[in-house]
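Next comes structure08.cif, a file with mmCIF, C-alpha atoms.
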data_query
#
loop_
_atom_site.group_PDB
_atom_site.id
_atom_site.type_symbol
_atom_site.label_atom_id
_atom_site.label_comp_id
_atom_site.auth_asym_id
_atom_site.auth_seq_id
_atom_site.Cartn_x
_atom_site.Cartn_y
_atom_site.Cartn_z
ATOM 1 C CA ASN I 1 102.622 101.029 84.630
ATOM 2 C CA ALA I 2 99.237 99.842 85.824
ATOM 3 C CA GLY I 3 100.401 96.199 85.690
ATOM 4 C CA VAL I 4 97.540 93.715 85.371
ATOM 5 C CA THR I 5 94.036 95.145 85.619
ATOM 6 C CA GLN I 6 90.745 93.270 85.823
ATOM 7 C CA THR I 7 87.144 94.351 85.496
ATOM 8 C CA PRO I 8 84.688 94.095 87.092
ATOM 9 C CA LYS I 9 85.745 93.785 90.737
ATOM 10 C CA PHE I 10 82.491 92.158 91.776
ATOM 11 C CA ARG I 11 79.589 90.607 89.902
ATOM 12 C CA ILE I 12 76.461 88.668 90.735
ATOM 13 C CA LEU I 13 75.011 86.496 87.980
ATOM 14 C CA LYS I 14 71.862 84.451 87.752
ATOM 15 C CA ILE I 15 72.077 80.811 86.708
ATOM 16 C CA GLY I 16 72.246 80.576 82.926
ATOM 17 C CA GLN I 17 73.488 84.111 82.332
ATOM 18 C CA SER I 18 76.726 84.819 80.494
ATOM 19 C CA MET I 19 79.467 87.357 81.070
ATOM 20 C CA THR I 20 83.003 88.294 80.104
ATOM 21 C CA LEU I 21 85.733 88.994 82.633
ATOM 22 C CA GLN I 22 88.223 91.483 81.269
ATOM 23 C CA CYS I 23 91.991 91.346 81.808
ATOM 24 C CA THR I 24 94.587 93.779 80.476
ATOM 25 C CA GLN I 25 98.326 94.018 81.071
ATOM 26 C CA ASP I 26 100.659 96.831 80.027
ATOM 27 C CA MET I 27 103.995 95.067 80.609
ATOM 28 C CA ASN I 28 104.197 93.547 77.107
ATOM 29 C CA HIS I 29 104.206 90.055 78.617
ATOM 30 C CA ASN I 30 103.907 87.100 76.285
ATOM 31 C CA TYR I 31 102.174 84.761 78.710
ATOM 32 C CA MET I 32 98.785 85.283 80.307
ATOM 33 C CA TYR I 33 96.744 83.052 82.603
ATOM 34 C CA TRP I 34 93.319 82.741 84.169
ATOM 35 C CA TYR I 35 92.927 81.105 87.580
ATOM 36 C CA ARG I 36 90.003 80.520 89.861
ATOM 37 C CA GLN I 37 90.313 80.417 93.625
ATOM 38 C CA ASP I 38 87.512 78.864 95.618
ATOM 39 C CA PRO I 39 87.183 79.867 99.306
ATOM 40 C CA GLY I 40 90.096 78.524 101.355
ATOM 41 C CA MET I 41 91.527 76.743 98.356
ATOM 42 C CA GLY I 42 94.443 77.073 95.993
ATOM 43 C CA LEU I 43 94.694 78.452 92.494
ATOM 44 C CA LYS I 44 93.353 76.318 89.676
ATOM 45 C CA LEU I 45 94.444 77.135 86.136
ATOM 46 C CA ILE I 46 91.516 77.592 83.745
ATOM 47 C CA TYR I 47 93.172 78.691 80.490
ATOM 48 C CA TYR I 48 96.459 80.194 79.449
ATOM 49 C CA SER I 49 98.022 81.870 76.429
ATOM 50 C CA VAL I 50 101.638 82.008 75.271
ATOM 51 C CA GLY I 51 101.030 84.825 72.803
ATOM 52 C CA ALA I 52 98.442 86.559 70.674
ATOM 53 C CA GLY I 53 96.309 84.034 68.815
ATOM 54 C CA ILE I 54 97.440 81.065 70.950
ATOM 55 C CA THR I 55 95.442 79.652 73.857
ATOM 56 C CA ASP I 56 95.363 76.337 75.667
ATOM 57 C CA LYS I 57 93.364 74.591 78.378
ATOM 58 C CA GLY I 58 94.500 74.397 81.963
ATOM 59 C CA GLU I 59 93.257 72.156 84.777
ATOM 60 C CA VAL I 60 89.590 73.273 84.899
ATOM 61 C CA PRO I 61 88.506 74.679 81.480
ATOM 62 C CA ASN I 62 84.933 73.365 81.329
ATOM 63 C CA GLY I 63 82.321 76.124 81.177
ATOM 64 C CA TYR I 64 84.803 78.799 80.086
ATOM 65 C CA ASN I 65 86.235 80.191 76.873
ATOM 66 C CA VAL I 66 89.074 82.591 76.131
ATOM 67 C CA SER I 67 90.535 84.539 73.242
ATOM 68 C CA ARG I 68 93.798 86.447 72.790
ATOM 69 C CA SER I 69 93.600 88.811 69.854
ATOM 70 C CA THR I 70 96.214 91.231 71.239
ATOM 71 C CA THR I 71 99.243 90.966 73.517
ATOM 72 C CA GLU I 72 97.539 93.164 76.117
ATOM 73 C CA ASP I 73 94.088 91.601 76.496
ATOM 74 C CA PHE I 74 92.955 88.156 77.597
ATOM 75 C CA PRO I 75 89.193 88.060 78.276
ATOM 76 C CA LEU I 76 87.510 85.079 79.952
ATOM 77 C CA ARG I 77 84.002 84.204 78.836
ATOM 78 C CA LEU I 78 81.512 82.345 81.023
ATOM 79 C CA GLU I 79 78.616 80.797 79.155
ATOM 80 C CA LEU I 80 75.535 79.526 81.002
ATOM 81 C CA ALA I 81 76.742 80.427 84.480
ATOM 82 C CA ALA I 82 76.326 77.760 87.185
ATOM 83 C CA PRO I 83 76.604 78.011 91.010
ATOM 84 C CA SER I 84 79.795 75.915 90.787
ATOM 85 C CA GLN I 85 81.436 78.878 89.049
ATOM 86 C CA THR I 86 81.101 81.033 92.144
ATOM 87 C CA SER I 87 84.704 81.922 92.873
ATOM 88 C CA VAL I 88 87.380 84.613 92.780
ATOM 89 C CA TYR I 89 88.990 84.852 89.360
ATOM 90 C CA PHE I 90 92.571 86.024 88.959
ATOM 91 C CA CYS I 91 94.285 86.966 85.744
ATOM 92 C CA ALA I 92 98.091 86.877 85.635
ATOM 93 C CA SER I 93 100.871 87.556 83.160
ATOM 94 C CA SER I 94 104.581 86.793 82.813
ATOM 95 C CA TRP I 95 107.423 87.099 80.317
ATOM 96 C CA TRP I 96 107.790 83.319 80.051
ATOM 97 C CA GLY I 97 106.228 80.285 81.682
ATOM 98 C CA THR I 98 109.097 79.977 84.127
ATOM 99 C CA ASN I 99 109.159 83.557 85.315
ATOM 100 C CA GLU I 100 107.374 85.571 87.962
ATOM 101 C CA GLN I 101 103.652 85.874 87.383
ATOM 102 C CA PHE I 102 102.055 89.245 88.087
ATOM 103 C CA PHE I 103 98.492 88.910 89.259
ATOM 104 C CA GLY I 104 95.558 91.241 88.806
ATOM 105 C CA PRO I 105 93.377 92.273 91.780
ATOM 106 C CA GLY I 106 90.787 89.599 91.093
ATOM 107 C CA THR I 107 87.081 89.470 90.230
ATOM 108 C CA ARG I 108 84.686 88.085 92.843
ATOM 109 C CA LEU I 109 81.859 86.301 91.032
ATOM 110 C CA THR I 110 78.719 84.917 92.642
ATOM 111 C CA VAL I 111 76.229 82.818 90.694
ATOM 112 C CA LEU I 112 72.790 82.538 92.284
ATOM 113 C CA GLY W 1 100.200 65.810 84.547
ATOM 114 C CA GLU W 2 101.984 67.607 87.346
ATOM 115 C CA ASN W 3 100.618 67.304 90.871
ATOM 116 C CA VAL W 4 101.849 69.460 93.737
ATOM 117 C CA GLU W 5 101.169 68.588 97.358
ATOM 118 C CA GLN W 6 101.796 70.968 100.233
ATOM 119 C CA HIS W 7 102.032 70.465 104.010
ATOM 120 C CA PRO W 8 100.916 71.546 106.482
ATOM 121 C CA SER W 9 97.628 73.150 105.456
ATOM 122 C CA THR W 10 97.719 75.416 108.519
ATOM 123 C CA LEU W 11 100.634 76.482 110.684
ATOM 124 C CA SER W 12 100.772 78.630 113.817
ATOM 125 C CA VAL W 13 104.061 79.877 115.224
ATOM 126 C CA GLN W 14 105.101 82.325 117.904
ATOM 127 C CA GLU W 15 106.636 85.565 116.720
ATOM 128 C CA GLY W 16 110.380 85.100 116.353
ATOM 129 C CA ASP W 17 110.180 81.361 115.723
ATOM 130 C CA SER W 18 110.871 79.701 112.375
ATOM 131 C CA ALA W 19 108.267 78.313 109.986
ATOM 132 C CA VAL W 20 108.794 75.548 107.433
ATOM 133 C CA ILE W 21 106.416 74.603 104.634
ATOM 134 C CA LYS W 22 107.062 71.539 102.486
ATOM 135 C CA CYS W 23 105.952 70.667 98.974
ATOM 136 C CA THR W 24 106.308 67.614 96.785
ATOM 137 C CA TYR W 25 105.864 67.394 93.046
ATOM 138 C CA SER W 26 105.225 64.456 90.750
ATOM 139 C CA ASP W 27 106.904 65.351 87.440
ATOM 140 C CA SER W 28 110.657 64.765 87.657
ATOM 141 C CA ALA W 29 111.148 67.032 84.626
ATOM 142 C CA SER W 30 109.771 70.118 86.418
ATOM 143 C CA ASN W 31 112.457 72.778 86.589
ATOM 144 C CA TYR W 32 111.013 75.922 88.165
ATOM 145 C CA PHE W 33 109.595 76.222 91.683
ATOM 146 C CA PRO W 34 108.150 79.554 92.818
ATOM 147 C CA TRP W 35 106.566 80.493 96.148
ATOM 148 C CA TYR W 36 103.741 83.018 96.348
ATOM 149 C CA LYS W 37 102.346 84.847 99.361
ATOM 150 C CA GLN W 38 98.711 85.903 99.493
ATOM 151 C CA GLU W 39 97.565 88.219 102.257
ATOM 152 C CA LEU W 40 93.894 88.202 103.155
ATOM 153 C CA GLY W 41 91.805 89.702 100.366
ATOM 154 C CA LYS W 42 94.855 90.490 98.243
ATOM 155 C CA ARG W 43 96.406 89.080 95.097
ATOM 156 C CA PRO W 44 99.211 86.472 95.223
ATOM 157 C CA GLN W 45 102.743 87.879 94.972
ATOM 158 C CA LEU W 46 106.011 86.084 94.298
ATOM 159 C CA ILE W 47 108.340 86.009 97.301
ATOM 160 C CA ILE W 48 111.079 83.667 96.105
ATOM 161 C CA ASP W 49 111.723 81.089 93.405
ATOM 162 C CA ILE W 50 114.310 78.427 92.657
ATOM 163 C CA ARG W 51 115.362 76.612 89.525
ATOM 164 C CA SER W 52 116.396 72.990 89.229
ATOM 165 C CA ASN W 53 120.093 73.749 88.811
ATOM 166 C CA VAL W 54 120.238 75.295 92.305
ATOM 167 C CA GLY W 55 119.865 73.487 95.642
ATOM 168 C CA GLU W 56 119.197 76.464 97.891
ATOM 169 C CA LYS W 57 118.357 80.149 97.598
ATOM 170 C CA LYS W 58 118.112 82.753 100.302
ATOM 171 C CA ASP W 59 116.614 86.247 100.501
ATOM 172 C CA GLN W 60 116.908 87.889 103.906
ATOM 173 C CA ARG W 61 114.601 85.923 106.252
ATOM 174 C CA ILE W 62 113.267 83.523 103.653
ATOM 175 C CA ALA W 63 114.999 80.595 102.010
ATOM 176 C CA VAL W 64 113.996 77.779 99.719
ATOM 177 C CA THR W 65 115.657 74.382 99.400
ATOM 178 C CA LEU W 66 115.200 71.896 96.581
ATOM 179 C CA ASN W 67 115.828 68.142 96.611
ATOM 180 C CA LYS W 68 115.421 66.950 93.034
ATOM 181 C CA THR W 69 116.074 63.315 93.868
ATOM 182 C CA ALA W 70 113.233 63.228 96.382
ATOM 183 C CA LYS W 71 111.127 65.662 94.339
ATOM 184 C CA HIS W 72 110.444 68.012 97.197
ATOM 185 C CA PHE W 73 111.176 71.620 98.058
ATOM 186 C CA SER W 74 110.665 73.669 101.188
ATOM 187 C CA LEU W 75 110.164 77.274 102.267
ATOM 188 C CA HIS W 76 111.889 78.404 105.434
ATOM 189 C CA ILE W 77 110.976 81.648 107.181
ATOM 190 C CA THR W 78 113.171 82.661 110.105
ATOM 191 C CA GLU W 79 112.462 85.227 112.836
ATOM 192 C CA THR W 80 108.791 85.309 111.895
ATOM 193 C CA GLN W 81 106.846 88.556 112.294
ATOM 194 C CA PRO W 82 103.088 89.208 112.410
ATOM 195 C CA GLU W 83 103.211 90.570 108.869
ATOM 196 C CA ASP W 84 104.323 87.124 107.695
ATOM 197 C CA SER W 85 100.781 85.905 108.444
ATOM 198 C CA ALA W 86 99.293 84.923 105.053
ATOM 199 C CA VAL W 87 98.595 81.974 102.807
ATOM 200 C CA TYR W 88 101.683 80.616 101.063
ATOM 201 C CA PHE W 89 101.489 78.694 97.805
ATOM 202 C CA CYS W 90 104.208 76.586 96.262
ATOM 203 C CA ALA W 91 104.148 75.754 92.565
ATOM 204 C CA ALA W 92 106.027 73.699 89.994
ATOM 205 C CA SER W 93 106.490 74.149 86.304
ATOM 206 C CA MET W 94 105.004 71.512 84.062
ATOM 207 C CA SER W 95 106.863 69.720 81.301
ATOM 208 C CA PRO W 96 107.144 69.366 78.403
ATOM 209 C CA SER W 97 106.758 72.993 77.476
ATOM 210 C CA TYR W 98 107.048 74.669 80.907
ATOM 211 C CA ASP W 99 104.427 77.191 79.797
ATOM 212 C CA LYS W 100 102.620 77.104 83.081
ATOM 213 C CA VAL W 101 103.018 76.288 86.741
ATOM 214 C CA ILE W 102 100.733 74.141 88.853
ATOM 215 C CA PHE W 103 100.014 75.459 92.332
ATOM 216 C CA GLY W 104 99.823 73.550 95.582
ATOM 217 C CA PRO W 105 96.723 73.919 97.796
ATOM 218 C CA GLY W 106 98.335 76.478 100.105
ATOM 219 C CA THR W 107 99.436 76.807 103.732
ATOM 220 C CA SER W 108 97.795 79.310 106.044
ATOM 221 C CA LEU W 109 100.493 80.702 108.340
ATOM 222 C CA SER W 110 99.570 82.559 111.508
ATOM 223 C CA VAL W 111 102.279 84.331 113.482
ATOM 224 C CA ILE W 112 101.174 84.927 117.059
ATOM 225 C CA PRO W 113 102.600 88.099 118.658
#

Hey, can you dump this file as structure tokens for me?
Amino acid sequence: NAGVTQTPKFRILKIGQSMTLQCTQDMNHNYMYWYRQDPGMGLKLIYYSVGAGITDKGEVPNGYNVSRSTTEDFPLRLELAAPSQTSVYFCASSWWGTNEQFFGPGTRLTVL
Amino acid sequence: GENVEQHPSTLSVQEGDSAVIKCTYSDSASNYFPWYKQELGKRPQLIIDIRSNVGEKKDQRIAVTLNKTAKHFSLHITETQPEDSAVYFCAASMSPSYDKVIFGPGTSLSVIP
């Protein structure tokens, strides 16, 4: 199993551009999450999903959108990128909310 | 909503000594408390977790204790080794649906050889 994969690994955006961060898991997990981690800081939950077709906001959802059309995929969309969105983005998945989360390798995003 | 605090933010210990990291949570209904380790430039990985019906859990050199009354839980690492150097995050599940966990800000542990 590949586990949780994310693409791209790195990306530089200009202010106002848009992009989609891809996340795929092959463990048939119900739950998927998107976090951002600013330098030297903790993990802040952006959005999460408890199954295909169901998504909900986390702690810091502004400026982002998600969709979950399949169990495997959970893309994160950034519209009108801003410098404040410069961060490392981690996708994670788990069987249930109160089970181990498996993290992807992360996407390092810089907005200039 | 749930709020998780973590102390200290940085911790340096000599190799072989013990390290203790403490967390407090705000929601008395939280019932799941994992600890994640993140090495520099890597993804977070679960090292141990505890549920609210258990007061203590041990796995080799690491242990976690939970005090539900005081709403705090701690990570204990004994006989520290240089490879224990990393950032450690505590987290707590959030009621009412327990669909997600809220992470603490992290503790950077340095083990000095």

Quick one: axis-aligned box around all listed atoms of stretch 26-38 of chain I, 5 Å on every side, centre and edge lengths in Å to one decimal, written as AutoDock Vina command-line options.
--center_x 95.9 --center_y 87.8 --center_z 86.0 --size_x 26.7 --size_y 28.0 --size_z 29.3

Take the PyMOL selection byres ((chain W and resi 110-113) around 6), run it mentally on this structure, and tell me the resulting residues as a PDB file with C-alpha atoms, in the coordinates of the input.
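And here's out_8.pdb as it stands now:
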ATOM      1  CA  SER W  12     100.772  78.630 113.817  1.00  0.00           C
ATOM      2  CA  VAL W  13     104.061  79.877 115.224  1.00  0.00           C
ATOM      3  CA  GLN W  14     105.101  82.325 117.904  1.00  0.00           C
ATOM      4  CA  GLU W  15     106.636  85.565 116.720  1.00  0.00           C
ATOM      5  CA  PRO W  82     103.088  89.208 112.410  1.00  0.00           C
ATOM      6  CA  SER W  85     100.781  85.905 108.444  1.00  0.00           C
ATOM      7  CA  LEU W 109     100.493  80.702 108.340  1.00  0.00           C
TER       8      LEU W 109
END

Please build the interface table for chain W against chain I with a cut-off of 9 Å, listing for each qualifying residue the nearest atom pair and the distance in Å to one decimal; count only C-alpha atoms, order rows by chain and increasing number, and write it as a Markdown table.
| residue | atom | partner | partner_atom | distance |
| --- | --- | --- | --- | --- |
| W:Asn31 | CA | I:Thr98 | CA | 8.3 |
| W:Tyr32 | CA | I:Thr98 | CA | 6.0 |
| W:Phe33 | CA | I:Thr98 | CA | 8.5 |
| W:Pro34 | CA | I:Glu100 | CA | 7.8 |
| W:Lys42 | CA | I:Pro105 | CA | 6.9 |
| W:Arg43 | CA | I:Pro105 | CA | 5.5 |
| W:Pro44 | CA | I:Phe103 | CA | 6.5 |
| W:Gln45 | CA | I:Phe102 | CA | 7.1 |
| W:Leu46 | CA | I:Glu100 | CA | 6.5 |
| W:Asp49 | CA | I:Glu100 | CA | 8.3 |
| W:Arg51 | CA | I:Thr98 | CA | 8.9 |
| W:Phe89 | CA | I:Gly42 | CA | 7.5 |
| W:Ser93 | CA | I:Thr98 | CA | 6.7 |
| W:Ser97 | CA | I:Gly97 | CA | 8.4 |
| W:Tyr98 | CA | I:Gly97 | CA | 5.7 |
| W:Asp99 | CA | I:Gly97 | CA | 4.0 |
| W:Lys100 | CA | I:Gly97 | CA | 5.0 |
| W:Val101 | CA | I:Gly97 | CA | 7.2 |
| W:Ile102 | CA | I:Leu45 | CA | 7.5 |
| W:Phe103 | CA | I:Leu43 | CA | 6.1 |
| W:Gly104 | CA | I:Gly42 | CA | 6.4 |
| W:Pro105 | CA | I:Gly42 | CA | 4.3 |
| W:Gly106 | CA | I:Gly42 | CA | 5.7 |

Residues matched by the PyMOL selection byres ((chain W and resi 59-71) around 9) as an mmCIF file with C-alpha atoms, in the frame of the given file:
data_model
loop_
_atom_site.group_PDB
_atom_site.id
_atom_site.type_symbol
_atom_site.label_atom_id
_atom_site.label_comp_id
_atom_site.auth_asym_id
_atom_site.auth_seq_id
_atom_site.Cartn_x
_atom_site.Cartn_y
_atom_site.Cartn_z
ATOM 1 C CA CYS W 23 105.952 70.667 98.974
ATOM 2 C CA THR W 24 106.308 67.614 96.785
ATOM 3 C CA TYR W 25 105.864 67.394 93.046
ATOM 4 C CA SER W 26 105.225 64.456 90.750
ATOM 5 C CA ASP W 27 106.904 65.351 87.440
ATOM 6 C CA SER W 28 110.657 64.765 87.657
ATOM 7 C CA PHE W 33 109.595 76.222 91.683
ATOM 8 C CA TRP W 35 106.566 80.493 96.148
ATOM 9 C CA ILE W 47 108.340 86.009 97.301
ATOM 10 C CA ILE W 48 111.079 83.667 96.105
ATOM 11 C CA ASP W 49 111.723 81.089 93.405
ATOM 12 C CA ILE W 50 114.310 78.427 92.657
ATOM 13 C CA ARG W 51 115.362 76.612 89.525
ATOM 14 C CA SER W 52 116.396 72.990 89.229
ATOM 15 C CA VAL W 54 120.238 75.295 92.305
ATOM 16 C CA GLY W 55 119.865 73.487 95.642
ATOM 17 C CA GLU W 56 119.197 76.464 97.891
ATOM 18 C CA LYS W 57 118.357 80.149 97.598
ATOM 19 C CA LYS W 58 118.112 82.753 100.302
ATOM 20 C CA HIS W 72 110.444 68.012 97.197
ATOM 21 C CA PHE W 73 111.176 71.620 98.058
ATOM 22 C CA SER W 74 110.665 73.669 101.188
ATOM 23 C CA LEU W 75 110.164 77.274 102.267
ATOM 24 C CA HIS W 76 111.889 78.404 105.434
ATOM 25 C CA ILE W 77 110.976 81.648 107.181
ATOM 26 C CA THR W 78 113.171 82.661 110.105
ATOM 27 C CA GLU W 79 112.462 85.227 112.836
ATOM 28 C CA THR W 80 108.791 85.309 111.895
#

Hey, can you check how far atom CA of W:Ala91 sits from atom CA of I:Ser93?
->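 Atom-to-atom, atom CA of W:Ala91 and atom CA of I:Ser93 are spaced 15.4 Å apart.
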
Could you list, as a PDB file with C-alpha atoms, in the coordinates of the input, every residue within 8 Å of stretch 75-86 of chain I, counting only C-alpha atoms and ignoring same-chain residues fewer than 2 positions away?
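Heads up, here's the output in result-v9.pdb:
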ATOM      1  CA  LEU I  13      75.011  86.496  87.980  1.00  0.00           C
ATOM      2  CA  LYS I  14      71.862  84.451  87.752  1.00  0.00           C
ATOM      3  CA  ILE I  15      72.077  80.811  86.708  1.00  0.00           C
ATOM      4  CA  GLY I  16      72.246  80.576  82.926  1.00  0.00           C
ATOM      5  CA  GLN I  17      73.488  84.111  82.332  1.00  0.00           C
ATOM      6  CA  SER I  18      76.726  84.819  80.494  1.00  0.00           C
ATOM      7  CA  MET I  19      79.467  87.357  81.070  1.00  0.00           C
ATOM      8  CA  THR I  20      83.003  88.294  80.104  1.00  0.00           C
ATOM      9  CA  LEU I  21      85.733  88.994  82.633  1.00  0.00           C
ATOM     10  CA  GLN I  22      88.223  91.483  81.269  1.00  0.00           C
ATOM     11  CA  CYS I  23      91.991  91.346  81.808  1.00  0.00           C
ATOM     12  CA  TRP I  34      93.319  82.741  84.169  1.00  0.00           C
ATOM     13  CA  ASP I  38      87.512  78.864  95.618  1.00  0.00           C
ATOM     14  CA  GLY I  63      82.321  76.124  81.177  1.00  0.00           C
ATOM     15  CA  TYR I  64      84.803  78.799  80.086  1.00  0.00           C
ATOM     16  CA  ASN I  65      86.235  80.191  76.873  1.00  0.00           C
ATOM     17  CA  VAL I  66      89.074  82.591  76.131  1.00  0.00           C
ATOM     18  CA  SER I  67      90.535  84.539  73.242  1.00  0.00           C
ATOM     19  CA  ARG I  68      93.798  86.447  72.790  1.00  0.00           C
ATOM     20  CA  ASP I  73      94.088  91.601  76.496  1.00  0.00           C
ATOM     21  CA  VAL I  88      87.380  84.613  92.780  1.00  0.00           C
ATOM     22  CA  ARG I 108      84.686  88.085  92.843  1.00  0.00           C
ATOM     23  CA  LEU I 109      81.859  86.301  91.032  1.00  0.00           C
ATOM     24  CA  THR I 110      78.719  84.917  92.642  1.00  0.00           C
ATOM     25  CA  VAL I 111      76.229  82.818  90.694  1.00  0.00           C
ATOM     26  CA  LEU I 112      72.790  82.538  92.284  1.00  0.00           C
TER      27      LEU I 112
END

Rounded to one decimal place, report the atom CA of I:Val60-atom CA of W:Glu39 distance in Å.
-> 24.3 Å

Atom CA of W:Val20 to atom CA of W:Met94: how many Å, to one decimal?
->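 Those two atoms sit 24.0 Å apart.
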